[in-house]
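This is protein-v1.cif (mmCIF, C-alpha atoms and all ligand atoms; chains and numbers go by the auth columns).
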data_final
loop_
_atom_site.group_PDB
_atom_site.id
_atom_site.type_symbol
_atom_site.label_atom_id
_atom_site.label_comp_id
_atom_site.label_asym_id
_atom_site.label_seq_id
_atom_site.Cartn_x
_atom_site.Cartn_y
_atom_site.Cartn_z
_atom_site.B_iso_or_equiv
_atom_site.auth_seq_id
_atom_site.auth_asym_id
ATOM 1 C CA MET A 1 99.779 113.202 129.059 0.00 195 A
ATOM 2 C CA HIS A 2 101.168 110.451 126.839 0.00 196 A
ATOM 3 C CA LYS A 3 102.988 111.489 123.728 0.00 197 A
ATOM 4 C CA LEU A 4 103.524 108.997 120.909 0.00 198 A
ATOM 5 C CA LYS A 5 106.962 109.283 119.437 0.00 199 A
ATOM 6 C CA THR A 6 109.863 107.278 118.082 0.00 200 A
ATOM 7 C CA PRO A 7 112.972 108.731 119.735 0.00 201 A
ATOM 8 C CA TRP A 8 115.150 107.430 116.980 0.00 202 A
ATOM 9 C CA SER A 9 118.885 107.772 116.529 0.00 203 A
ATOM 10 C CA SER A 10 120.965 105.432 114.433 0.00 204 A
ATOM 11 C CA ASN A 11 123.892 106.358 116.679 0.00 205 A
ATOM 12 C CA MET A 12 123.024 104.121 119.595 0.00 206 A
ATOM 13 C CA GLY A 13 125.622 105.236 122.141 0.00 207 A
ATOM 14 C CA THR A 14 128.594 103.444 123.645 0.00 208 A
ATOM 15 C CA THR A 15 127.308 100.914 126.160 0.00 209 A
ATOM 16 C CA ARG A 16 127.991 97.227 125.588 0.00 210 A
ATOM 17 C CA VAL A 17 124.405 96.568 124.574 0.00 211 A
ATOM 18 C CA SER A 18 124.511 99.584 122.220 0.00 212 A
ATOM 19 C CA ARG A 19 127.499 98.076 120.477 0.00 213 A
ATOM 20 C CA GLU A 20 125.697 94.774 120.242 0.00 214 A
ATOM 21 C CA PHE A 21 122.647 96.609 118.871 0.00 215 A
ATOM 22 C CA ARG A 22 124.778 98.245 116.203 0.00 216 A
ATOM 23 C CA GLU A 23 126.687 95.110 115.310 0.00 217 A
ATOM 24 C CA ARG A 24 123.822 92.626 115.284 0.00 218 A
ATOM 25 C CA TYR A 25 120.959 94.841 114.130 0.00 219 A
ATOM 26 C CA LEU A 26 121.896 98.103 112.409 0.00 220 A
ATOM 27 C CA GLU A 27 125.071 97.220 110.545 0.00 221 A
ATOM 28 C CA PRO A 28 123.877 93.986 108.905 0.00 222 A
ATOM 29 C CA GLU A 29 120.697 95.829 107.891 0.00 223 A
ATOM 30 C CA LYS A 30 122.747 98.636 106.377 0.00 224 A
ATOM 31 C CA ILE A 31 124.982 96.213 104.461 0.00 225 A
ATOM 32 C CA ALA A 32 121.956 94.339 103.099 0.00 226 A
ATOM 33 C CA VAL A 33 120.166 97.542 102.104 0.00 227 A
ATOM 34 C CA LYS A 34 123.277 98.933 100.446 0.00 228 A
ATOM 35 C CA LYS A 35 123.693 95.758 98.434 0.00 229 A
ATOM 36 C CA TRP A 36 120.051 95.832 97.423 0.00 230 A
ATOM 37 C CA MET A 37 120.086 99.539 96.556 0.00 231 A
ATOM 38 C CA GLY A 38 123.267 99.224 94.547 0.00 232 A
ATOM 39 C CA ARG A 39 121.409 96.904 92.162 0.00 233 A
ATOM 40 C CA ASN A 40 117.862 98.243 92.233 0.00 234 A
ATOM 41 C CA MET A 41 117.501 101.799 93.440 0.00 235 A
ATOM 42 C CA GLY A 42 116.245 103.684 90.358 0.00 236 A
ATOM 43 C CA GLU A 43 116.310 107.433 89.850 0.00 237 A
ATOM 44 C CA SER A 44 113.567 108.547 92.189 0.00 238 A
ATOM 45 C CA VAL A 45 113.287 107.317 95.751 0.00 239 A
ATOM 46 C CA LEU A 46 110.922 107.901 98.660 0.00 240 A
ATOM 47 C CA ASP A 47 112.380 107.158 102.110 0.00 241 A
ATOM 48 C CA VAL A 48 109.413 106.718 104.464 0.00 242 A
ATOM 49 C CA GLY A 49 110.146 107.343 108.158 0.00 243 A
ATOM 50 C CA ALA A 50 113.628 108.421 107.150 0.00 244 A
ATOM 51 C CA GLY A 51 114.721 109.116 110.760 0.00 245 A
ATOM 52 C CA ASP A 52 118.149 110.703 110.888 0.00 246 A
ATOM 53 C CA GLY A 53 118.714 109.816 107.260 0.00 247 A
ATOM 54 C CA ARG A 54 121.210 106.939 107.203 0.00 248 A
ATOM 55 C CA PHE A 55 119.477 105.461 104.150 0.00 249 A
ATOM 56 C CA THR A 56 118.567 108.812 102.608 0.00 250 A
ATOM 57 C CA LYS A 57 122.268 109.609 102.562 0.00 251 A
ATOM 58 C CA LEU A 58 123.037 106.235 101.059 0.00 252 A
ATOM 59 C CA ALA A 59 120.548 106.859 98.234 0.00 253 A
ATOM 60 C CA LEU A 60 122.132 110.259 97.560 0.00 254 A
ATOM 61 C CA ASP A 61 125.609 108.716 97.594 0.00 255 A
ATOM 62 C CA LEU A 62 124.430 106.063 95.148 0.00 256 A
ATOM 63 C CA GLY A 63 123.282 108.792 92.764 0.00 257 A
ATOM 64 C CA ALA A 64 119.484 109.085 93.176 0.00 258 A
ATOM 65 C CA LYS A 65 118.277 112.020 91.077 0.00 259 A
ATOM 66 C CA ARG A 66 115.286 112.739 93.270 0.00 260 A
ATOM 67 C CA ILE A 67 115.003 111.606 96.854 0.00 261 A
ATOM 68 C CA VAL A 68 112.175 112.538 99.164 0.00 262 A
ATOM 69 C CA ALA A 69 112.907 111.916 102.848 0.00 263 A
ATOM 70 C CA LEU A 70 109.670 111.908 104.794 0.00 264 A
ATOM 71 C CA ASP A 71 109.243 111.823 108.563 0.00 265 A
ATOM 72 C CA ILE A 72 106.586 112.793 111.059 0.00 266 A
ATOM 73 C CA ASP A 73 108.948 114.061 113.753 0.00 267 A
ATOM 74 C CA ASP A 74 110.378 117.627 113.989 0.00 268 A
ATOM 75 C CA GLU A 75 113.691 116.510 115.428 0.00 269 A
ATOM 76 C CA MET A 76 114.203 114.032 112.582 0.00 270 A
ATOM 77 C CA ILE A 77 113.225 116.677 110.028 0.00 271 A
ATOM 78 C CA SER A 78 115.973 119.032 111.214 0.00 272 A
ATOM 79 C CA LYS A 79 118.503 116.163 111.129 0.00 273 A
ATOM 80 C CA LEU A 80 117.381 115.266 107.609 0.00 274 A
ATOM 81 C CA ARG A 81 117.733 118.888 106.487 0.00 275 A
ATOM 82 C CA SER A 82 121.322 118.913 107.703 0.00 276 A
ATOM 83 C CA ILE A 83 122.553 115.829 105.828 0.00 277 A
ATOM 84 C CA SER A 84 122.942 117.465 102.429 0.00 278 A
ATOM 85 C CA SER A 85 122.301 120.659 100.502 0.00 279 A
ATOM 86 C CA SER A 86 121.854 118.680 97.275 0.00 280 A
ATOM 87 C CA PRO A 87 118.975 119.930 95.115 0.00 281 A
ATOM 88 C CA ASN A 88 118.138 116.235 94.642 0.00 282 A
ATOM 89 C CA LEU A 89 116.996 115.992 98.268 0.00 283 A
ATOM 90 C CA GLU A 90 113.539 117.085 99.409 0.00 284 A
ATOM 91 C CA VAL A 91 112.667 116.791 103.108 0.00 285 A
ATOM 92 C CA VAL A 92 108.992 116.461 103.949 0.00 286 A
ATOM 93 C CA LYS A 93 107.351 116.552 107.353 0.00 287 A
ATOM 94 C CA ALA A 94 104.221 114.431 107.152 0.00 288 A
ATOM 95 C CA ASN A 95 102.397 111.425 108.477 0.00 289 A
ATOM 96 C CA ILE A 96 102.725 108.872 105.678 0.00 290 A
ATOM 97 C CA ARG A 97 99.223 107.672 106.374 0.00 291 A
ATOM 98 C CA GLU A 98 97.848 111.081 105.387 0.00 292 A
ATOM 99 C CA TYR A 99 100.405 112.119 102.788 0.00 293 A
ATOM 100 C CA GLN A 100 99.145 112.313 99.188 0.00 294 A
ATOM 101 C CA LEU A 101 101.147 110.331 96.651 0.00 295 A
ATOM 102 C CA ALA A 102 100.627 110.245 92.901 0.00 296 A
ATOM 103 C CA ASP A 103 100.323 106.870 91.165 0.00 297 A
ATOM 104 C CA ARG A 104 103.756 105.496 90.213 0.00 298 A
ATOM 105 C CA GLU A 105 105.443 108.665 91.458 0.00 299 A
ATOM 106 C CA PHE A 106 108.693 106.972 92.572 0.00 300 A
ATOM 107 C CA ASP A 107 110.835 104.193 91.148 0.00 301 A
ATOM 108 C CA THR A 108 111.581 102.886 94.615 0.00 302 A
ATOM 109 C CA ILE A 109 110.002 103.322 98.003 0.00 303 A
ATOM 110 C CA MET A 110 111.889 102.181 101.085 0.00 304 A
ATOM 111 C CA VAL A 111 110.629 101.831 104.637 0.00 305 A
ATOM 112 C CA LEU A 112 113.575 100.733 106.738 0.00 306 A
ATOM 113 C CA GLY A 113 114.440 100.143 110.379 0.00 307 A
ATOM 114 C CA ASN A 114 111.204 98.331 111.250 0.00 308 A
ATOM 115 C CA THR A 115 109.256 101.528 110.532 0.00 309 A
ATOM 116 C CA VAL A 116 106.264 99.629 109.118 0.00 310 A
ATOM 117 C CA SER A 117 105.574 98.359 112.627 0.00 311 A
ATOM 118 C CA GLY A 118 105.357 102.011 113.742 0.00 312 A
ATOM 119 C CA PHE A 119 102.312 102.524 111.497 0.00 313 A
ATOM 120 C CA TYR A 120 100.811 100.524 114.271 0.00 314 A
ATOM 121 C CA ASP A 121 99.933 103.800 116.026 0.00 315 A
ATOM 122 C CA ALA A 122 96.665 103.471 114.156 0.00 316 A
ATOM 123 C CA PHE A 123 95.755 100.589 116.454 0.00 317 A
ATOM 124 C CA GLU A 124 94.921 103.204 119.055 0.00 318 A
ATOM 125 C CA ASN A 125 92.003 104.164 116.836 0.00 319 A
ATOM 126 C CA GLY A 126 91.018 100.579 116.218 0.00 320 A
ATOM 127 C CA GLU A 127 92.246 100.649 112.617 0.00 321 A
ATOM 128 C CA LYS A 128 93.726 97.209 112.597 0.00 322 A
ATOM 129 C CA SER A 129 94.736 97.175 108.970 0.00 323 A
ATOM 130 C CA ALA A 130 96.840 100.348 109.069 0.00 324 A
ATOM 131 C CA GLN A 131 100.084 98.615 108.180 0.00 325 A
ATOM 132 C CA ALA A 132 98.558 96.777 105.224 0.00 326 A
ATOM 133 C CA GLU A 133 96.652 99.855 104.048 0.00 327 A
ATOM 134 C CA THR A 134 99.801 101.942 104.111 0.00 328 A
ATOM 135 C CA LEU A 135 101.771 99.284 102.244 0.00 329 A
ATOM 136 C CA ARG A 136 99.014 99.163 99.633 0.00 330 A
ATOM 137 C CA LYS A 137 99.193 102.927 99.206 0.00 331 A
ATOM 138 C CA LEU A 138 102.999 102.769 98.851 0.00 332 A
ATOM 139 C CA ILE A 139 102.724 100.042 96.236 0.00 333 A
ATOM 140 C CA ARG A 140 100.462 102.216 94.109 0.00 334 A
ATOM 141 C CA ALA A 141 102.978 105.052 94.366 0.00 335 A
ATOM 142 C CA SER A 142 106.001 103.043 93.256 0.00 336 A
ATOM 143 C CA LYS A 143 106.890 102.039 89.713 0.00 337 A
ATOM 144 C CA ARG A 144 109.346 99.294 90.480 0.00 338 A
ATOM 145 C CA HIS A 145 110.058 98.395 94.074 0.00 339 A
ATOM 146 C CA LEU A 146 108.863 98.657 97.599 0.00 340 A
ATOM 147 C CA PHE A 147 111.597 97.603 99.948 0.00 341 A
ATOM 148 C CA PHE A 148 111.222 97.295 103.712 0.00 342 A
ATOM 149 C CA THR A 149 112.694 95.593 106.754 0.00 343 A
ATOM 150 C CA LEU A 150 111.014 94.152 109.818 0.00 344 A
ATOM 151 C CA GLN A 151 112.271 92.698 113.081 0.00 345 A
ATOM 152 C CA ARG A 152 112.258 88.956 113.595 0.00 346 A
ATOM 153 C CA PRO A 153 111.136 87.455 116.928 0.00 347 A
ATOM 154 C CA GLU A 154 114.753 86.549 117.725 0.00 348 A
ATOM 155 C CA SER A 155 115.449 90.287 118.095 0.00 349 A
ATOM 156 C CA TYR A 156 113.346 90.512 121.239 0.00 350 A
ATOM 157 C CA ASP A 157 116.025 89.650 123.789 0.00 351 A
ATOM 158 C CA LEU A 158 118.401 92.265 122.379 0.00 352 A
ATOM 159 C CA ILE A 159 115.674 94.925 122.189 0.00 353 A
ATOM 160 C CA ARG A 160 114.613 94.176 125.752 0.00 354 A
ATOM 161 C CA ARG A 161 118.171 94.530 127.066 0.00 355 A
ATOM 162 C CA PHE A 162 118.733 97.684 125.035 0.00 356 A
ATOM 163 C CA TYR A 163 115.649 99.378 126.449 0.00 357 A
ATOM 164 C CA GLU A 164 116.436 98.213 129.969 0.00 358 A
ATOM 165 C CA VAL A 165 119.905 99.799 129.893 0.00 359 A
ATOM 166 C CA ASN A 166 118.370 103.019 128.551 0.00 360 A
ATOM 167 C CA HIS A 167 115.748 103.067 131.355 0.00 361 A
ATOM 168 C CA TRP A 168 112.816 102.501 129.092 0.00 362 A
ATOM 169 C CA ASP A 169 109.924 100.674 130.652 0.00 363 A
ATOM 170 C CA LEU A 170 109.123 97.852 128.238 0.00 364 A
ATOM 171 C CA TYR A 171 105.826 97.057 129.832 0.00 365 A
ATOM 172 C CA GLY A 172 104.105 94.879 127.349 0.00 366 A
ATOM 173 C CA LEU A 173 104.854 92.132 124.905 0.00 367 A
ATOM 174 C CA ASP A 174 101.990 90.348 123.260 0.00 368 A
ATOM 175 C CA ALA A 175 103.580 86.991 122.510 0.00 369 A
ATOM 176 C CA GLU A 176 101.052 86.166 119.810 0.00 370 A
ATOM 177 C CA THR A 177 101.271 89.362 117.759 0.00 371 A
ATOM 178 C CA GLY A 178 104.851 90.369 118.681 0.00 372 A
ATOM 179 C CA VAL A 179 103.650 93.856 119.666 0.00 373 A
ATOM 180 C CA LYS A 180 105.833 95.589 122.266 0.00 374 A
ATOM 181 C CA ARG A 181 104.812 98.658 124.190 0.00 375 A
ATOM 182 C CA MET A 182 107.405 100.887 125.798 0.00 376 A
ATOM 183 C CA ARG A 183 107.364 104.137 127.697 0.00 377 A
ATOM 184 C CA TRP A 184 109.894 106.590 128.916 0.00 378 A
ATOM 185 C CA GLN A 185 109.644 109.512 131.298 0.00 379 A
ATOM 186 C CA MET A 186 111.024 112.803 129.985 0.00 380 A
ATOM 187 C CA LYS A 187 112.738 115.382 132.209 0.00 381 A
ATOM 188 C CA ASP A 188 109.564 117.505 132.240 0.00 382 A
ATOM 189 C CA GLY A 189 107.646 114.531 133.627 0.00 383 A
ATOM 190 C CA SER A 190 105.713 113.764 130.444 0.00 384 A
ATOM 191 C CA LEU A 191 105.616 110.212 129.170 0.00 385 A
ATOM 192 C CA ILE A 192 106.639 109.103 125.715 0.00 386 A
ATOM 193 C CA GLU A 193 105.128 105.884 124.435 0.00 387 A
ATOM 194 C CA VAL A 194 106.466 103.741 121.655 0.00 388 A
ATOM 195 C CA ARG A 195 105.063 100.729 119.858 0.00 389 A
ATOM 196 C CA SER A 196 107.072 98.228 117.991 0.00 390 A
ATOM 197 C CA GLN A 197 106.427 94.763 116.637 0.00 391 A
ATOM 198 C CA HIS A 198 108.355 91.759 115.508 0.00 392 A
ATOM 199 C CA PHE A 199 107.084 89.308 112.913 0.00 393 A
ATOM 200 C CA ARG A 200 107.282 85.583 112.324 0.00 394 A
ATOM 201 C CA ARG A 201 107.607 84.720 108.638 0.00 395 A
ATOM 202 C CA GLU A 202 103.938 83.712 108.419 0.00 396 A
ATOM 203 C CA GLN A 203 102.947 87.076 109.930 0.00 397 A
ATOM 204 C CA VAL A 204 104.918 88.869 107.215 0.00 398 A
ATOM 205 C CA GLU A 205 103.117 86.727 104.629 0.00 399 A
ATOM 206 C CA LYS A 206 99.772 87.563 106.215 0.00 400 A
ATOM 207 C CA LEU A 207 100.564 91.285 106.165 0.00 401 A
ATOM 208 C CA LEU A 208 101.513 91.099 102.481 0.00 402 A
ATOM 209 C CA SER A 209 98.386 89.166 101.686 0.00 403 A
ATOM 210 C CA GLU A 210 96.246 91.748 103.555 0.00 404 A
ATOM 211 C CA ALA A 211 97.934 94.410 101.433 0.00 405 A
ATOM 212 C CA GLY A 212 96.776 92.502 98.327 0.00 406 A
ATOM 213 C CA ILE A 213 100.238 91.477 97.173 0.00 407 A
ATOM 214 C CA PRO A 214 100.424 88.126 95.352 0.00 408 A
ATOM 215 C CA GLN A 215 103.135 85.670 96.414 0.00 409 A
ATOM 216 C CA THR A 216 104.719 85.915 92.973 0.00 410 A
ATOM 217 C CA ALA A 217 105.435 89.630 93.496 0.00 411 A
ATOM 218 C CA TYR A 218 107.530 89.468 96.645 0.00 412 A
ATOM 219 C CA THR A 219 110.477 87.870 98.353 0.00 413 A
ATOM 220 C CA ILE A 220 111.052 87.694 102.083 0.00 414 A
ATOM 221 C CA SER A 221 114.604 86.901 103.116 0.00 415 A
ATOM 222 C CA PRO A 222 116.390 86.916 106.437 0.00 416 A
ATOM 223 C CA ILE A 223 119.222 89.448 106.726 0.00 417 A
ATOM 224 C CA ASN A 224 120.252 87.604 109.901 0.00 418 A
ATOM 225 C CA ASP A 225 118.436 86.347 113.007 0.00 419 A
ATOM 226 C CA ILE A 226 117.296 89.920 113.801 0.00 420 A
ATOM 227 C CA ASN A 227 115.846 91.299 110.551 0.00 421 A
ATOM 228 C CA TRP A 228 113.767 90.361 107.526 0.00 422 A
ATOM 229 C CA GLN A 229 114.154 92.183 104.245 0.00 423 A
ATOM 230 C CA ILE A 230 111.095 92.265 102.030 0.00 424 A
ATOM 231 C CA GLU A 231 111.164 93.244 98.382 0.00 425 A
ATOM 232 C CA VAL A 232 107.919 93.788 96.495 0.00 426 A
ATOM 233 C CA ARG A 233 108.141 94.095 92.718 0.00 427 A
ATOM 234 C CA THR A 234 105.366 96.613 92.518 0.00 428 A
ATOM 235 C CA GLY A 235 105.013 96.459 88.734 0.00 429 A
ATOM 236 C CA LEU A 236 103.591 92.944 89.225 0.00 430 A
ATOM 237 C CA VAL A 237 100.855 94.097 91.605 0.00 431 A
ATOM 238 C CA VAL A 238 97.650 95.277 89.969 0.00 432 A
HETATM 239 C C1 LIG B . 112.755 103.230 113.821 0.00 501 B
HETATM 240 S S1 LIG B . 112.957 104.762 113.019 0.00 501 B
HETATM 241 C C2 LIG B . 113.795 104.261 111.518 0.00 501 B
HETATM 242 C C3 LIG B . 114.478 105.394 110.818 0.00 501 B
HETATM 243 C C4 LIG B . 115.172 105.070 109.489 0.00 501 B
HETATM 244 N N1 LIG B . 114.263 104.517 108.502 0.00 501 B
HETATM 245 C C5 LIG B . 116.342 104.140 109.692 0.00 501 B
HETATM 246 O O1 LIG B . 116.205 102.944 109.409 0.00 501 B
HETATM 247 O O2 LIG B . 117.381 104.609 110.148 0.00 501 B
HETATM 248 C C6 LIG B . 111.267 105.100 112.490 0.00 501 B
HETATM 249 C C7 LIG B . 111.047 106.520 111.944 0.00 501 B
HETATM 250 O O3 LIG B . 109.751 106.599 111.349 0.00 501 B
HETATM 251 C C8 LIG B . 109.105 107.821 111.708 0.00 501 B
HETATM 252 N N2 LIG B . 107.650 107.585 111.641 0.00 501 B
HETATM 253 C C9 LIG B . 106.901 106.804 112.449 0.00 501 B
HETATM 254 N N3 LIG B . 105.599 106.802 112.079 0.00 501 B
HETATM 255 C C10 LIG B . 105.543 107.606 110.977 0.00 501 B
HETATM 256 C C11 LIG B . 104.470 108.036 110.135 0.00 501 B
HETATM 257 N N4 LIG B . 103.207 107.610 110.360 0.00 501 B
HETATM 258 N N5 LIG B . 104.741 108.876 109.098 0.00 501 B
HETATM 259 C C12 LIG B . 106.011 109.307 108.883 0.00 501 B
HETATM 260 N N6 LIG B . 107.067 108.960 109.660 0.00 501 B
HETATM 261 C C13 LIG B . 106.838 108.127 110.689 0.00 501 B
HETATM 262 C C14 LIG B . 109.656 108.126 113.099 0.00 501 B
HETATM 263 O O4 LIG B . 109.581 109.496 113.436 0.00 501 B
HETATM 264 C C15 LIG B . 111.109 107.614 112.992 0.00 501 B
HETATM 265 O O5 LIG B . 112.000 108.625 112.593 0.00 501 B
#
Would you mind writing the file's structure down as structure tokens?
Ligand SMILES: C[S@@+](CC[C@H](N)C(=O)[O-])C[C@H]1O[C@@H](n2cnc3c(N)ncnc32)[C@H](O)[C@@H]1O
Amino acid sequence: MHKLKTPWSSNMGTTRVSREFRERYLEPEKIAVKKWMGRNMGESVLDVGAGDGRFTKLALDLGAKRIVALDIDDEMISKLRSISSSPNLEVVKANIREYQLADREFDTIMVLGNTVSGFYDAFENGEKSAQAETLRKLIRASKRHLFFTLQRPESYDLIRRFYEVNHWDLYGLDAETGVKRMRWQMKDGSLIEVRSQHFRREQVEKLLSEAGIPQTAYTISPINDINWQIEVRTGLVV
């Protein structure tokens, strides 16, 4: 049986390609996010697909008064519970696509580490607009900002080498859409499957347009050759 999962850890191990992954991908993303959050975070923050909480912790350190760290995965939920006993932190296990959010509930919503491409799981059910629909929902729920990062096509070579070293079978890349499919055999013989996607700038623009976001309400900027950062000023989206 195939199990869909993101076996995520922001501690990528000690191989040469892991170091490269950290240095070229994770660290520049973290520096860019920290800079952005330092200026814009607001008092209430939703971290969607929070993983092991590297950005949740950053938001707490920067003084967020209410931070909700949401993830679909049990392992991530227990990691998130262990990062802080602050009453400002709420950990929620949920699928963001089903989770109920009140209008303008949070100042800022962040979806980091290419997590938006993971909403792609909906493709299995033929729901091609899942990413855009979810972004639209997040925009309604945020007062000020939606902030997310996506992989650029130039990341592919690094990702491919990283998965190869870790014995993942990266069995499909659709060159047109940037969708990658990967699988990995667990010790009990079951298979885990992962989807990911990288985006050319015009694909990011298309996604934002599908989510109903006018060009005047967003900026797309490269963090480096690996990542885009996208800021939507949600107050400008009706
Ligand atoms: C690539 S990791 C990024 C983690 C974190 N944002 C970071 O940058 O360190 C993606 C995370 O999103 C979670 N995730 C994927 N699809 C989700 C969904 N539909 N609802 C909630 N969480 C989801 C996964 O379990 C995983 O922890």
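Among all protein and nucleic acid residues, the ones that lie within 7 Å of ligand LIG 501 (chain B) when counting only C-alpha atoms and all ligand atoms are Lys199, Thr200, Trp202, Ser204, Val242, Gly243, Ala244, Gly245, Asp246, Gly247, Arg248, Phe249, Leu264, Asp265, Ile266, Asp267, Met270, Ala288, Asn289, Ile290, Arg291, Val305, Leu306, Gly307, Asn308, Thr309, Gly312 and Phe313 of chain A.
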Exercise for the section: Up to 9 Å from (106.1, 89.6, 113.4) in the file's coordinates: name the residues, counting only C-alpha atoms, as a ChimeraX atom specification. Expected result: /A:311,344-347,370-373,391-398
Handout entry: Selection under test: the PyMOL selection byres (((chain A and resi 206-221) around 12) and not hetatm); residues as a count of residues only
Key = 42
Practice task
Report the residues retrieved by the PyMOL selection byres (((chain A and resi 376-385) around 6) and not hetatm) from the displayed file, expressed as a list of chain:residue names.
Solution key: A:His196, A:Trp362, A:Asp363, A:Leu364, A:Tyr365, A:Arg375, A:Ile386, A:Glu387, A:Val388
Padding 8 Å on every side, please: axis-aligned box over the listed atoms of range 353-356 of chain A, centre and edge lengths to one decimal in Å, as AutoDock Vina command-line options.
--center_x 116.7 --center_y 95.9 --center_z 124.6 --size_x 20.1 --size_y 19.5 --size_z 20.9
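Picture a line from CA of Thr413 in chain A to CA of Gly429 in chain A; it runs 14.0 Å.
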Exercise for the section: For Glu299 in chain A, please output as a list in words all residues within 12 Å (counting all atoms listed in the file; exclusion window: fewer than 5 positions along the same chain). Expected result: Gly236, Glu237, Ser238, Val239, Leu240, Arg260, Ile261, Val262, Gln294, Lys331, Leu332, Ile333, Arg334, Ala335, Ser336, Lys337, Arg338 and His339 of chain A
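All polymer residues at most 7 Å from (112.3, 98.7, 99.8), using only C-alpha atoms, appear as A:Thr302, A:Ile303, A:Met304, A:Val305, A:His339, A:Leu340, A:Phe341, A:Phe342, A:Ile424, A:Glu425.
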Exercise for the section: One decimal, Å: what's the distance from CA of Val426 in chain A over to CA of Asp241 in chain A, could you say? Expected result: 15.2 Å
Which residues of range 225-327 of chain A come within 9 Å of range 399-408 of chain A, and what is each one's closest atom pair and distance in Å (one decimal), counting only C-alpha atoms, sorted by chain and residue number, as a Markdown table?
| residue | atom | partner | partner_atom | distance |
| --- | --- | --- | --- | --- |
| A:Ser323 | CA | A:Glu404 | CA | 7.8 |
| A:Gln325 | CA | A:Leu401 | CA | 7.6 |
| A:Ala326 | CA | A:Ala405 | CA | 4.5 |
| A:Glu327 | CA | A:Ala405 | CA | 6.2 |
Practice task
Run through the PyMOL selection byres (((chain A and resi 257) around 12) and not hetatm) on the given coordinates and return the selected residues as a ChimeraX atom specification.
Solution key: /A:231-232,234-239,250-256,258-261,280,282-283
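Across the structure, CA of Ala263 in chain A and CA of Arg389 in chain A are spaced 21.8 Å apart.
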